[in-house]
Structure formats: C-alpha cells, structure tokens
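Asker: For reference, the structure I am asking about is given below.
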Amino acid sequence: MLDTALLIVREEGADRLTLGHLAARAGVSKPVAYDHFGTRSGLLIELYRWIDVERVNAFREVMTTGERSLEECARVLAAAYIHCAADKTDEFHAVGAALAGSEEKAQVFQELLDNSVQMFVSVLKPHSTLSAAELERRCIGLVGAGEALSAALVRGTFNEAEAAGVLASLIQGGLRSPPR
C-alpha cells in the first residue's frame, strides 16, 4: 500500500492522499486501509518514514562502494544532505508538508534525525579514530549543523554549494581527535 501511496503523492499530490483514495487505488477495501494505518496522519507518518529509510539506505549503499578519502567522503555526504534540504519538489517534502501541525510530526522528525545520525556514523566510521560513543556525539552535532545550514539555505542565506562546503568543512574538522 505504501508503494501506491507514493504513486498518489507523485501523480496527484499529497492532498489527494486519503485512506479511501488509497484503498481504491490499491484495490483493497477501506477497512483494510483503516485497519493498517488508522488515520490519514498515520498513513502520512508511515509513508514519511518509509521514504526516509529508502533514501538513507540508497545513500548508505552509494557511500560504502569504493574507497574514498575523508575529504571526498565529507564532500559527498555534505552535498547529499544539503541537496535533500534544497529539493522541495520531491515526495518527502510533500508528505512532510502534509504532516505540518501534526502532534506526531515532532516525534517522527526526531526519529528521522536519529536515522541521519546513524547514517553519518556508518559513513564516517572508516575515517575516524574516535571511540564509537564520541563519534556518535559528534555526528549528532554534525547533523544539527546540517539542519541549521539547510534552514539557512531555505531562507536564502547560502546557496546550495556554499552550504554543502561549510558542512563538508565541519565534517572534516569534527573527526579530528581532541587535543591532549
């Protein structure tokens, strides 16, 4: 059903995604859709999570193929993170906008941030001599920086290349061991 929900968002927009419309397009009864998702918000949240997991997994796969220097890894990671924020045309942003105002969105957004932290950890681990706990703490800070830079990009403070360059610099600097 999530595949069908994604098609509806792509073809008709997030406003057209209702449980009844999903049931009709997926060829199931309305009770099946309601039993599975509960509410429209439940459907949107599951779709939002699903899209995020797909994006993170695809990115993780790209990042784990081939050897990259820290500089190249930081550049690609930063560019991909910032590009996601800059691309307001995709389904992820459409579904996120449809969730705006939902009490559950804050919780879901935190889950997505946690997923991003874990993605940063897995991508940067081969380039780090930091303990696992310290690497995770720094990745939390890097994702926070990425979110702030993304917000500045959306406001027009930076262009995409500038924001990605700043984040890449922060990533490289963030992996340095603390002075003793």
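FYI, nothing fancy with the structure tokens labels: chains A, B, ... in order, residues from 1 per chain, ligands from 1 as they appear.
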Near stretch 22-38 of chain A, within 10 Å and counting only C-alpha atoms, which residues show up once chain neighbours fewer than 4 positions away are dropped, as a count of residues only?
Answerer: 16
Asker: Report as a list in words all protein, DNA and RNA residues lying within 10 Å of stretch 50-64 of chain A, evaluated on only C-alpha atoms, omitting residues in the same chain fewer than 3 positions from it.
Answerer: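 After dropping sequence-adjacent residues, the list is Leu2, Asp3, Leu6, Leu44, Ile45, Glu46, Leu47, Glu67, Arg68, Cys73, Val76, Leu77, Ala80, Tyr81, Cys84, Glu91, Phe92, Val95, Glu111, Leu112, Asn115, Ser116, Gln118, Met119, Phe120, Ser122, Val123, Leu124 and Pro126 of chain A.
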Asker: Could you write those residues out with N, CA, C and O atoms, as a tab-separated table (two decimals), in the first residue's frame?
Answerer:
chain	number	residue	atom	x	y	z
A	2	LEU	N	2.05	1.18	0.62
A	2	LEU	CA	2.91	2.36	0.63
A	2	LEU	C	3.40	2.71	-0.78
A	2	LEU	O	3.52	3.89	-1.11
A	3	ASP	N	3.64	1.69	-1.60
A	3	ASP	CA	4.01	1.97	-3.00
A	3	ASP	C	2.89	2.75	-3.69
A	3	ASP	O	3.15	3.72	-4.41
A	6	LEU	N	2.74	6.33	-2.42
A	6	LEU	CA	3.79	7.14	-3.03
A	6	LEU	C	3.40	7.55	-4.45
A	6	LEU	O	3.61	8.70	-4.85
A	44	LEU	N	0.37	9.08	6.51
A	44	LEU	CA	1.42	10.04	6.14
A	44	LEU	C	2.70	9.78	6.91
A	44	LEU	O	3.80	9.85	6.34
A	45	ILE	N	2.58	9.47	8.18
A	45	ILE	CA	3.77	9.21	9.00
A	45	ILE	C	4.49	7.95	8.52
A	45	ILE	O	5.72	7.96	8.37
A	46	GLU	N	3.74	6.89	8.25
A	46	GLU	CA	4.38	5.67	7.76
A	46	GLU	C	5.04	5.89	6.40
A	46	GLU	O	6.14	5.40	6.14
A	47	LEU	N	4.40	6.66	5.54
A	47	LEU	CA	4.97	6.97	4.23
A	47	LEU	C	6.22	7.83	4.39
A	47	LEU	O	7.23	7.58	3.72
A	67	GLU	N	36.58	2.95	-2.19
A	67	GLU	CA	37.31	3.68	-1.16
A	67	GLU	C	37.27	5.17	-1.46
A	67	GLU	O	37.42	5.59	-2.60
A	68	ARG	N	37.06	5.95	-0.43
A	68	ARG	CA	37.06	7.41	-0.57
A	68	ARG	C	37.94	7.99	0.51
A	68	ARG	O	37.97	7.50	1.64
A	73	CYS	N	34.70	11.87	1.03
A	73	CYS	CA	33.56	11.36	1.78
A	73	CYS	C	32.77	12.52	2.40
A	73	CYS	O	31.54	12.57	2.31
A	76	VAL	N	30.89	14.48	-0.40
A	76	VAL	CA	29.72	13.77	-0.92
A	76	VAL	C	28.62	13.72	0.13
A	76	VAL	O	27.44	13.94	-0.18
A	77	LEU	N	28.96	13.43	1.37
A	77	LEU	CA	27.98	13.37	2.45
A	77	LEU	C	27.30	14.72	2.64
A	77	LEU	O	26.07	14.81	2.71
A	80	ALA	N	25.03	15.65	-0.39
A	80	ALA	CA	23.78	14.88	-0.39
A	80	ALA	C	22.82	15.37	0.68
A	80	ALA	O	21.62	15.52	0.44
A	81	TYR	N	23.34	15.66	1.87
A	81	TYR	CA	22.49	16.11	2.97
A	81	TYR	C	21.86	17.46	2.64
A	81	TYR	O	20.65	17.65	2.80
A	84	CYS	N	19.18	17.35	-0.21
A	84	CYS	CA	17.85	16.90	0.24
A	84	CYS	C	17.04	18.07	0.79
A	84	CYS	O	15.84	18.17	0.56
A	91	GLU	N	8.76	13.87	-3.05
A	91	GLU	CA	7.66	13.35	-2.25
A	91	GLU	C	7.90	13.51	-0.76
A	91	GLU	O	6.97	13.71	0.02
A	92	PHE	N	9.17	13.42	-0.34
A	92	PHE	CA	9.50	13.52	1.07
A	92	PHE	C	9.02	14.86	1.63
A	92	PHE	O	8.38	14.93	2.68
A	95	VAL	N	5.09	15.11	1.56
A	95	VAL	CA	4.47	14.38	2.68
A	95	VAL	C	4.75	15.11	4.00
A	95	VAL	O	3.86	15.24	4.84
A	111	GLU	N	12.95	10.91	15.02
A	111	GLU	CA	13.37	9.60	14.50
A	111	GLU	C	14.21	9.76	13.24
A	111	GLU	O	15.22	9.08	13.07
A	112	LEU	N	13.77	10.65	12.35
A	112	LEU	CA	14.50	10.86	11.10
A	112	LEU	C	15.87	11.47	11.36
A	112	LEU	O	16.85	11.11	10.70
A	115	ASN	N	18.02	8.72	12.49
A	115	ASN	CA	18.45	7.93	11.32
A	115	ASN	C	19.61	8.62	10.61
A	115	ASN	O	20.56	7.96	10.18
A	116	SER	N	19.53	9.94	10.49
A	116	SER	CA	20.62	10.69	9.85
A	116	SER	C	21.91	10.57	10.64
A	116	SER	O	22.98	10.40	10.07
A	118	GLN	N	22.80	8.08	12.54
A	118	GLN	CA	23.34	6.74	12.31
A	118	GLN	C	23.95	6.59	10.92
A	118	GLN	O	24.95	5.90	10.74
A	119	MET	N	23.36	7.28	9.94
A	119	MET	CA	23.94	7.26	8.60
A	119	MET	C	25.31	7.94	8.62
A	119	MET	O	26.27	7.41	8.08
A	120	PHE	N	25.41	9.09	9.26
A	120	PHE	CA	26.70	9.79	9.38
A	120	PHE	C	27.72	8.89	10.06
A	120	PHE	O	28.87	8.79	9.62
A	122	SER	N	27.84	5.58	10.25
A	122	SER	CA	28.27	4.46	9.41
A	122	SER	C	29.18	4.90	8.27
A	122	SER	O	30.13	4.22	7.92
A	123	VAL	N	28.91	6.08	7.72
A	123	VAL	CA	29.71	6.58	6.61
A	123	VAL	C	31.08	7.09	7.08
A	123	VAL	O	32.09	6.89	6.40
A	124	LEU	N	31.11	7.70	8.26
A	124	LEU	CA	32.35	8.32	8.73
A	124	LEU	C	33.23	7.39	9.57
A	124	LEU	O	34.42	7.67	9.75
A	126	PRO	N	34.83	4.60	9.04
A	126	PRO	CA	36.12	4.18	8.49
A	126	PRO	C	37.20	5.27	8.50
A	126	PRO	O	38.38	4.98	8.39
Asker: So which residues touch stretch 160-163 of chain A within 9 Å, counting only C-alpha atoms, skipping near sequence neighbours fewer than 6 positions away, as a short mmCIF file (atom, residue, chain, number, x, y, z; two decimals) with C-alpha atoms, in the first residue's frame?
Answerer:
data_model
loop_
_atom_site.label_atom_id
_atom_site.label_comp_id
_atom_site.auth_asym_id
_atom_site.auth_seq_id
_atom_site.Cartn_x
_atom_site.Cartn_y
_atom_site.Cartn_z
CA ALA A 78 27.55 17.12 2.89
CA ALA A 79 26.36 17.66 -0.68
CA ILE A 82 22.17 19.72 1.83
CA HIS A 83 20.68 18.72 -1.53
CA ALA A 86 17.23 22.17 -1.16
CA GLY A 146 23.38 20.27 8.66
CA LEU A 149 22.66 25.11 7.26
CA SER A 150 19.65 23.62 5.47
CA ALA A 152 19.73 28.96 6.16
CA LEU A 153 19.72 27.65 2.59
#
Asker: Closest to A:Val117 among A:Ala94, A:Leu99, A:Ala132, A:Leu142, using only C-alpha atoms?
Answerer: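 Selected residue with least distance to A:Val117: A:Leu142.
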Asker: What's the separation between atom CA of A:Val143 and atom CA of A:Ala98, in Å to one decimal place?
Answerer: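 We find that atom CA of A:Val143 and atom CA of A:Ala98 lie 23.6 Å from each other.
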